[in-house]
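So this block is model26.csv, CSV, C-alpha atoms:
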```
chain,number,residue,atom,x,y,z
A,55,MET,CA,-7.4,12.4,31.0
A,56,LEU,CA,-4.8,13.9,33.2
A,57,ASN,CA,-4.4,17.7,33.2
A,58,LYS,CA,-0.9,17.1,31.8
A,59,TYR,CA,-2.4,16.0,28.5
A,60,THR,CA,-5.1,18.6,28.2
A,61,ILE,CA,-4.9,21.4,25.5
A,62,SER,CA,-6.7,24.7,26.0
A,63,GLY,CA,-9.7,25.2,23.7
A,64,THR,CA,-10.3,21.5,23.2
A,65,SER,CA,-12.3,18.7,24.8
A,66,ASN,CA,-12.4,14.9,24.7
A,67,ILE,CA,-15.7,12.8,24.7
A,68,ASP,CA,-14.5,9.3,24.0
A,69,SER,CA,-13.7,6.8,26.8
A,70,GLU,CA,-10.3,6.2,25.1
A,71,GLN,CA,-9.1,9.5,26.3
A,72,ALA,CA,-10.2,8.7,29.9
A,73,SER,CA,-8.2,5.5,30.2
A,74,GLY,CA,-4.8,3.9,29.6
A,75,PRO,CA,-1.8,6.1,29.0
A,76,TYR,CA,-4.0,9.2,29.1
A,77,LEU,CA,-4.0,8.5,32.9
A,78,ASP,CA,-0.3,7.8,33.1
A,79,GLU,CA,1.8,10.9,33.7
A,80,ASN,CA,4.9,9.0,32.7
A,81,PHE,CA,3.8,8.1,29.2
A,82,TRP,CA,4.9,11.5,28.0
A,83,PRO,CA,6.0,13.6,31.0
A,84,THR,CA,7.1,16.6,28.9
A,85,PHE,CA,3.8,16.9,27.0
A,86,GLN,CA,3.1,20.6,27.8
A,87,GLU,CA,6.7,21.6,27.3
A,88,ASP,CA,6.9,19.8,24.0
A,89,MET,CA,3.8,21.5,22.8
A,90,GLU,CA,5.2,24.9,23.4
A,91,ASN,CA,8.5,23.9,21.8
A,92,PHE,CA,6.7,22.7,18.7
A,93,LYS,CA,4.8,26.0,18.4
A,94,LYS,CA,8.1,27.9,18.8
A,95,ASN,CA,9.9,25.7,16.3
A,96,ILE,CA,7.2,25.9,13.6
A,97,LYS,CA,7.1,29.7,14.0
A,98,ASN,CA,10.8,30.0,13.7
A,99,HIS,CA,11.0,27.8,10.6
A,100,PHE,CA,8.2,29.8,9.0
A,101,GLU,CA,9.9,33.2,9.7
A,102,ASN,CA,13.3,31.9,8.5
A,103,ASN,CA,11.8,30.0,5.5
A,104,THR,CA,13.6,26.8,6.5
A,105,SER,CA,12.2,23.3,6.0
A,106,TYR,CA,10.6,21.4,8.8
A,107,HIS,CA,8.9,18.1,8.2
A,108,VAL,CA,6.6,16.3,10.7
A,109,LEU,CA,5.4,12.8,9.8
A,110,ARG,CA,2.5,11.0,11.4
A,111,VAL,CA,2.5,7.2,11.4
A,112,GLY,CA,-0.1,4.8,12.7
A,113,HIS,CA,-2.0,1.5,12.0
A,114,ALA,CA,-2.1,2.0,8.2
A,115,GLU,CA,1.6,2.5,7.9
A,116,TYR,CA,2.2,-0.5,10.2
A,117,CYS,CA,-0.1,-2.7,8.1
A,118,PHE,CA,1.7,-1.7,4.9
A,119,LEU,CA,5.3,-2.1,6.1
A,120,SER,CA,4.6,-5.3,8.1
A,121,ARG,CA,2.8,-7.1,5.3
A,122,ILE,CA,6.1,-8.4,3.7
A,123,VAL,CA,7.7,-9.2,7.0
A,124,PRO,CA,7.0,-12.6,8.6
A,125,ASP,CA,5.2,-12.6,11.9
A,126,ASP,CA,7.4,-12.7,15.0
A,127,THR,CA,6.2,-13.3,18.5
A,128,SER,CA,8.7,-10.7,19.9
A,129,ARG,CA,7.2,-7.9,17.9
A,130,GLN,CA,4.9,-5.3,19.7
A,131,GLY,CA,2.5,-4.3,16.8
A,132,LYS,CA,-0.8,-6.1,16.4
A,133,LEU,CA,-3.0,-6.1,13.3
A,134,ILE,CA,-6.5,-4.9,14.3
A,135,THR,CA,-8.3,-4.6,10.9
A,136,LYS,CA,-7.9,-5.8,7.3
A,137,GLN,CA,-9.9,-2.8,5.9
A,138,ILE,CA,-6.7,-0.9,5.4
A,139,LEU,CA,-5.8,-2.9,2.2
A,140,PRO,CA,-8.4,-1.7,-0.3
A,141,ARG,CA,-8.3,1.9,0.9
A,142,HIS,CA,-4.6,2.4,0.7
A,143,TYR,CA,-3.1,-0.2,-1.6
A,144,SER,CA,-3.9,-3.2,-3.7
A,145,GLY,CA,-1.3,-5.5,-2.1
A,146,LYS,CA,0.9,-5.6,-5.3
A,147,GLN,CA,3.7,-3.3,-4.2
A,148,THR,CA,7.2,-3.1,-5.7
A,149,ILE,CA,10.4,-3.0,-3.7
A,150,LYS,CA,11.0,0.5,-4.9
A,151,GLN,CA,7.7,1.6,-3.2
A,152,TYR,CA,8.9,0.1,0.1
A,153,ILE,CA,12.3,1.8,-0.3
A,154,ASP,CA,10.6,5.2,-0.8
A,155,CYS,CA,8.7,4.6,2.4
A,156,TYR,CA,11.8,3.8,4.4
A,157,GLU,CA,13.6,6.8,2.9
A,158,SER,CA,10.8,9.0,3.9
A,159,LEU,CA,10.9,7.7,7.5
A,160,LEU,CA,14.7,8.5,7.5
A,161,SER,CA,14.3,11.9,6.0
A,162,VAL,CA,11.9,13.7,8.3
A,163,ASP,CA,12.7,16.0,11.3
A,164,CYS,CA,10.0,14.6,13.5
A,165,ILE,CA,8.0,11.3,13.7
A,166,THR,CA,4.9,11.2,15.7
A,167,THR,CA,2.0,9.0,16.6
A,168,GLN,CA,-1.1,9.1,18.9
A,169,ILE,CA,-0.9,8.4,22.6
A,170,GLY,CA,-1.8,4.8,23.2
A,171,TRP,CA,-0.1,1.4,23.9
A,172,ASP,CA,-1.4,0.1,20.5
A,173,PHE,CA,0.1,3.0,18.7
A,174,LYS,CA,3.4,2.6,20.6
A,175,GLY,CA,3.5,-1.1,19.5
A,176,TRP,CA,2.9,-0.3,15.8
A,177,LEU,CA,5.5,2.5,15.9
A,178,ASN,CA,8.0,0.2,17.7
A,179,ASP,CA,7.8,-2.3,14.8
A,180,ILE,CA,8.0,0.5,12.2
A,181,ILE,CA,11.1,2.1,13.8
A,182,HIS,CA,12.8,-1.3,14.1
A,183,PHE,CA,12.1,-2.1,10.4
A,184,ARG,CA,13.4,1.4,9.5
A,185,ASP,CA,16.6,0.9,11.4
A,186,GLN,CA,17.1,-2.6,9.9
A,187,TYR,CA,16.6,-0.9,6.5
A,188,LYS,CA,19.2,1.7,7.3
A,189,LEU,CA,21.7,-0.9,8.5
A,190,PHE,CA,21.4,-3.0,5.4
A,191,LYS,CA,21.6,0.1,3.2
A,192,GLN,CA,24.8,1.2,4.9
A,193,SER,CA,26.3,-2.1,4.1
A,194,ASN,CA,25.0,-1.9,0.5
A,195,ASN,CA,23.0,-5.0,1.0
A,196,LEU,CA,19.3,-4.1,0.5
A,197,THR,CA,18.9,-6.9,-2.0
A,198,GLU,CA,19.6,-9.4,0.8
A,199,LEU,CA,17.1,-7.7,3.1
A,200,PHE,CA,14.2,-7.7,0.6
A,201,ASN,CA,15.0,-11.2,-0.6
A,202,HIS,CA,14.9,-12.5,3.0
A,203,THR,CA,12.5,-10.2,4.7
A,204,HIS,CA,12.6,-12.1,8.0
A,205,LEU,CA,15.8,-10.1,8.5
A,206,PHE,CA,13.6,-7.1,9.3
A,207,ASN,CA,12.9,-8.8,12.6
A,208,LYS,CA,16.5,-9.5,13.5
A,209,ASN,CA,17.7,-8.1,16.8
A,210,TYR,CA,14.3,-6.8,17.7
A,211,LYS,CA,14.1,-4.6,20.8
A,212,ILE,CA,11.4,-2.8,22.7
A,213,ARG,CA,12.0,1.0,22.8
A,214,SER,CA,10.7,3.7,25.1
A,215,GLN,CA,8.2,6.2,23.8
A,216,SER,CA,10.9,8.9,23.6
A,217,GLU,CA,13.1,6.7,21.5
A,218,LEU,CA,10.3,6.2,19.0
A,219,MET,CA,8.8,9.6,18.5
A,220,ASN,CA,9.7,13.3,18.9
A,221,PHE,CA,6.3,14.2,20.5
A,222,PRO,CA,2.8,12.8,20.5
A,223,LEU,CA,0.5,13.4,17.5
A,224,ASP,CA,-2.1,14.5,20.0
A,225,ILE,CA,-0.3,17.9,20.1
A,226,ILE,CA,-1.0,18.4,16.4
A,227,TYR,CA,-4.6,17.3,16.8
A,228,GLY,CA,-5.1,19.7,19.6
A,229,LEU,CA,-3.6,22.6,17.8
A,230,ILE,CA,-5.9,22.0,14.9
A,231,ALA,CA,-8.9,21.5,17.1
A,232,ASN,CA,-8.3,24.7,19.0
A,233,LYS,CA,-7.4,26.4,15.7
A,234,TRP,CA,-4.0,27.6,16.9
A,235,LEU,CA,-2.3,26.3,13.7
A,236,LEU,CA,-5.1,27.8,11.6
A,237,LYS,CA,-4.9,31.2,13.2
A,238,GLU,CA,-1.1,31.4,13.4
A,239,PHE,CA,-0.8,30.9,9.7
A,240,LYS,CA,-4.0,32.4,8.5
A,241,ASN,CA,-4.4,32.6,4.7
A,242,GLN,CA,-0.9,31.2,4.2
A,243,ILE,CA,-1.6,27.5,4.3
A,244,GLY,CA,-1.5,24.9,1.5
A,245,LEU,CA,-3.4,21.6,1.7
A,246,ILE,CA,-2.2,18.2,0.4
A,247,GLY,CA,-4.9,15.5,0.6
A,248,ASN,CA,-7.9,13.5,-0.5
A,249,GLU,CA,-9.2,15.2,-3.7
A,250,LYS,CA,-12.8,14.9,-2.6
A,251,LYS,CA,-12.2,16.4,0.8
A,252,LEU,CA,-10.3,19.3,-0.8
A,253,GLU,CA,-13.1,19.9,-3.2
A,254,LEU,CA,-15.5,20.0,-0.2
A,255,ILE,CA,-13.3,22.5,1.6
A,256,LYS,CA,-13.3,24.8,-1.4
A,257,LYS,CA,-17.1,24.7,-1.5
A,258,LEU,CA,-17.4,25.3,2.3
A,259,LEU,CA,-15.1,28.4,1.8
A,260,GLU,CA,-17.8,29.9,-0.3
A,261,HIS,CA,-19.7,30.6,3.0
A,262,ASN,CA,-18.6,33.4,5.3
A,263,GLU,CA,-19.8,31.5,8.4
A,264,TYR,CA,-17.4,28.7,7.7
A,265,LYS,CA,-14.5,31.1,6.9
A,266,LYS,CA,-15.1,32.7,10.3
A,267,TYR,CA,-15.1,29.4,12.1
A,268,ILE,CA,-11.8,28.1,10.7
A,269,GLU,CA,-10.2,31.5,11.0
A,270,ASN,CA,-9.2,31.5,7.3
A,271,ASP,CA,-10.6,33.2,4.2
A,272,TYR,CA,-8.8,30.8,1.9
A,273,PHE,CA,-6.0,28.2,1.5
A,274,ILE,CA,-3.4,29.3,-1.0
A,275,GLU,CA,-2.7,25.8,-2.5
A,276,TYR,CA,-4.7,22.6,-3.0
A,277,VAL,CA,-2.6,19.6,-3.9
A,278,ASN,CA,-5.1,16.8,-4.8
A,279,VAL,CA,-4.4,13.1,-4.1
A,280,PRO,CA,-6.7,10.2,-5.2
A,281,GLN,CA,-8.8,8.8,-2.4
A,282,ARG,CA,-7.5,5.3,-2.8
A,283,GLN,CA,-4.3,3.5,-3.5
A,284,ALA,CA,-2.4,6.7,-4.3
A,285,ILE,CA,0.9,5.0,-3.2
A,286,GLU,CA,0.8,3.0,-6.4
A,287,ASP,CA,0.4,5.8,-8.9
A,288,ASP,CA,3.8,7.1,-10.0
A,289,ASN,CA,2.2,9.8,-12.2
A,290,ILE,CA,0.4,11.2,-9.2
A,291,GLU,CA,3.7,11.4,-7.3
A,292,LYS,CA,5.3,13.5,-10.2
A,293,LYS,CA,2.2,15.7,-10.3
A,294,ILE,CA,2.3,16.3,-6.5
A,295,LEU,CA,6.0,17.1,-6.5
A,296,GLU,CA,5.7,19.4,-9.5
A,297,GLN,CA,2.9,21.4,-7.9
A,298,ILE,CA,4.7,21.7,-4.6
A,299,LYS,CA,7.9,22.8,-6.4
A,300,ASN,CA,6.1,25.6,-8.3
A,301,SER,CA,4.1,26.8,-5.2
A,302,LYS,CA,5.0,29.9,-3.2
A,303,CYS,CA,3.3,28.3,-0.2
A,304,LYS,CA,5.6,28.2,2.9
A,305,ILE,CA,3.5,25.8,5.0
A,306,PHE,CA,1.5,22.7,3.9
A,307,PHE,CA,-0.9,20.6,6.0
A,308,VAL,CA,-1.0,17.0,4.8
A,309,GLY,CA,-3.9,14.6,5.3
A,310,MET,CA,-3.6,11.7,2.9
A,311,GLY,CA,-3.1,8.5,4.7
A,312,MET,CA,0.0,6.4,4.1
A,313,ALA,CA,0.6,7.5,0.5
A,314,LYS,CA,2.7,10.4,1.8
A,315,LEU,CA,5.5,7.9,2.5
A,316,LYS,CA,6.0,7.7,-1.2
A,317,PHE,CA,7.2,11.3,-1.6
A,318,PHE,CA,8.0,12.8,1.8
A,319,ASN,CA,11.7,12.1,1.3
A,320,LYS,CA,11.7,14.0,-2.0
A,321,ILE,CA,10.1,17.3,-0.8
A,322,ARG,CA,13.1,18.8,0.9
A,323,LYS,CA,15.0,18.7,-2.4
A,324,ILE,CA,12.5,21.0,-4.1
A,325,THR,CA,11.2,23.4,-1.5
A,326,ASN,CA,11.9,24.9,2.0
A,327,ALA,CA,8.2,24.7,2.9
A,328,ILE,CA,7.1,23.4,6.2
A,329,ILE,CA,5.3,20.1,5.9
A,330,ILE,CA,3.0,19.1,8.8
A,331,ASP,CA,1.2,15.8,8.6
A,332,VAL,CA,-2.0,16.7,10.4
A,333,GLY,CA,-3.8,13.5,9.6
A,334,TYR,CA,-7.3,13.5,10.8
A,335,GLY,CA,-7.1,17.3,11.1
A,336,LEU,CA,-7.8,17.6,7.4
A,337,ASP,CA,-11.1,15.8,7.9
A,338,ALA,CA,-12.0,18.3,10.6
A,339,ILE,CA,-11.3,21.2,8.2
A,340,ALA,CA,-13.5,19.5,5.7
A,341,GLY,CA,-16.4,19.4,8.2
A,342,VAL,CA,-16.5,15.6,8.3
A,343,CYS,CA,-14.9,15.1,11.8
A,344,ASP,CA,-15.7,12.3,14.1
A,345,CYS,CA,-15.7,14.2,17.3
A,346,ASN,CA,-14.7,11.1,19.3
A,347,ARG,CA,-11.2,11.5,17.9
A,348,PRO,CA,-8.7,12.9,20.5
A,349,TYR,CA,-9.2,16.6,21.2
A,350,PHE,CA,-12.0,17.1,18.7
A,351,GLY,CA,-14.8,16.8,21.2
A,352,SER,CA,-15.8,20.4,20.8
A,353,TRP,CA,-15.3,20.7,17.0
A,354,GLN,CA,-18.1,22.1,15.0
A,355,ASN,CA,-18.8,20.3,11.7
A,356,TYR,CA,-20.3,22.4,8.9
A,357,LYS,CA,-22.3,20.5,6.3
A,358,LEU,CA,-23.3,21.7,2.8
A,359,ASN,CA,-27.0,21.5,2.0
A,360,ASN,CA,-27.9,19.4,-1.0
A,361,TYR,CA,-24.3,18.1,-1.4
A,362,ASN,CA,-23.7,14.4,-2.1
A,363,TYR,CA,-21.3,13.1,0.6
A,364,SER,CA,-21.6,9.5,-0.5
A,365,HIS,CA,-18.6,9.7,-2.9
A,366,ILE,CA,-16.3,10.8,-0.1
A,367,ASP,CA,-14.1,8.1,1.5
A,368,MET,CA,-14.7,8.9,5.1
A,369,CYS,CA,-12.2,8.1,7.9
A,370,GLY,CA,-14.6,7.1,10.6
A,371,SER,CA,-18.1,8.4,11.0
A,372,PRO,CA,-18.7,12.2,10.9
A,373,SER,CA,-20.5,13.6,13.9
A,374,TRP,CA,-23.7,15.0,12.4
A,375,ASN,CA,-25.7,15.3,15.6
A,376,ASN,CA,-24.8,19.0,16.2
A,377,VAL,CA,-23.9,19.9,12.6
A,378,ILE,CA,-24.5,23.4,11.1
A,379,THR,CA,-25.9,23.1,7.6
A,380,ILE,CA,-25.0,25.9,5.2
```

Can the structure in the file be given as structure tokens, please?
Amino acid sequence: MLNKYTISGTSNIDSEQASGPYLDENFWPTFQEDMENFKKNIKNHFENNTSYHVLRVGHAEYCFLSRIVPDDTSRQGKLITKQILPRHYSGKQTIKQYIDCYESLLSVDCITTQIGWDFKGWLNDIIHFRDQYKLFKQSNNLTELFNHTHLFNKNYKIRSQSELMNFPLDIIYGLIANKWLLKEFKNQIGLIGNEKKLELIKKLLEHNEYKKYIENDYFIEYVNVPQRQAIEDDNIEKKILEQIKNSKCKIFFVGMGMAKLKFFNKIRKITNAIIIDVGYGLDAIAGVCDCNRPYFGSWQNYKLNNYNYSHIDMCGSPSWNNVITI
């Protein structure tokens, strides 16, 4: 990895971060400046109690949005696994659910994805689909688009990285891994995510050693989301929005897969809270981090003694080699 992409207080141990665009200074030449701007922006929004939404997208979102669109050789995104389907959705989505996803993509302040040519390809397709949706919506012709989904591919073009995202997701990963985000908003953070992982975090917080490590004594709100296929549960959406609406929390970290697309567009109507999609960062907070993930090479997992981890839907394989059991 070039120094340009390093983040103080973090390390990288996977070969992915020592190859490809991580060795290309032109992939994101303003990485360090954008990281400092993000830190300033989030602090300003917090102090002024104004909304600021950052949305992470990746392979799961690409799989979902592309599944109704016919393949086209001009497209950049490539499917790499079919394991996304049972974890995130059953494959029986309604048009309304797709509309919610595109409205969420249009509503946020920042879109981000991980550094990588594969991630850029997935995001290129997603942004093109979003722009086609916007175009047909403006002409009041969404029925035509969803009846003839090949139109999502029309006028496809390849965009630069800066046309696709506001800054790399790696910045958020790094600021969780070095605990800047955790320290800056200590004891003021709400969590939205996998119900089993939030339950695990609560139990870890019963231990002072863990509190000290994550620089927080508590999280002020836990918004539970089912582990699987949450995007299909309208009752869950209502429950999530109601809890967020009634909360006094000013900043939420989100880690819940692609189901967040179902309601991101509705949050600004009910709260001024900052919403940061930290993705895998929530797994780290829950002590089930795969330390091969970008910037988490030095992360310390904490594991509960005599706790059944088999019921947790893991995202990758947790690094248990150097775990601290409590």

### Task
With a distance cut-off of 12 Å and all atoms listed in the file, select the neighbouring residues of A:Ser216, excluding the residue or stretch itself and same-chain residues fewer than 4 positions from it, and output the selection as a ChimeraX atom specification.
/A:80-85,88,164-167,169,174,177-178,181,212,220-222

### Message
Residues within 12 Å of A:Trp353, please, as a ChimeraX atom specification. Count only C-alpha atoms; anything in the same chain fewer than 4 positions from it doesn't count.
### Response
/A:63-67,227-233,267-268,335,337-349,372-378

#### Entry: Spatial neighbours of A:Glu296, max dist 12 Å, only C-alpha atoms, sep filter under 3 positions, as a list of chain:residue names
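Contacts, with the query itself left out: A:Val277, A:Asn289, A:Ile290, A:Glu291, A:Lys292, A:Lys293, A:Lys299, A:Asn300, A:Ser301, A:Phe317, A:Lys320, A:Ile321, A:Lys323, A:Ile324, A:Thr325.
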
### Task
Work out how far apart atom CA of A:Gln281 and atom CA of A:Asn362 are and give it in Å to one decimal.
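So the two atoms, atom CA of A:Gln281 and atom CA of A:Asn362, lie 15.9 Å apart.
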
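Neighbouring residues of A:Asp271 at 8 Å or closer, counting all atoms listed in the file and skipping chain neighbours under 3 positions away, are Lys240, Asn241, Leu259, Lys265 and Lys266 of chain A.
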
### Task
Please provide as a list in words all residues within 9 Å of stretch 98-101 of chain A, with the sequence filter that same-chain residues fewer than 2 positions apart are discarded (counting all atoms listed in the file).
Lys93, Lys94, Asn95, Ile96, Asn103, Thr104, Ser105, Tyr106, Lys304, Ile305, Ala327 and Ile328 of chain A

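Atom CA of A:Glu275 is found 14.9 Å from atom CA of A:Lys250.
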
So that all listed atoms of stretch 310-325 of chain A fit with 6 Å spare on each side, what axis-aligned box centre and edge lengths in Å, to one decimal, would you give as lines of an AutoDock Vina configuration file?
```
center_x = 5.7
center_y = 14.9
center_z = 0.3
size_x = 30.6
size_y = 29.0
size_z = 20.8
```

### Message
Using all atoms listed in the file and a cutoff of 9 Å, can you tell me which residues are near (-0.4, -4.9, 19.9) in the file's coordinates, and write them out as a list of chain:residue names?
### Response
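Checking each residue against the 9 Å limit leaves A:Arg129, A:Gln130, A:Gly131, A:Lys132, A:Leu133, A:Ile134, A:Trp171, A:Asp172, A:Phe173, A:Lys174, A:Gly175, A:Trp176.
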
### Task
Between A:Ser161, A:Ser62, A:Thr148, A:Ser364, single out the one closest to A:Arg322, counting all atoms listed in the file.
A:Ser161

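Separating atom CA of A:Cys155 from atom CA of A:Leu315 is a distance of 4.6 Å.
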
#### Entry: Which of A:Leu119, A:Ile274, A:Ile255, A:Met55 sits closest to A:Phe239 [using all atoms listed in the file]
A:Ile274

### Task
Name the closest residue to A:Tyr264 among the candidates A:Met89, A:Leu205, A:Met219, A:Ile380; distances are taken between atoms, counting only C-alpha atoms.
A:Ile380
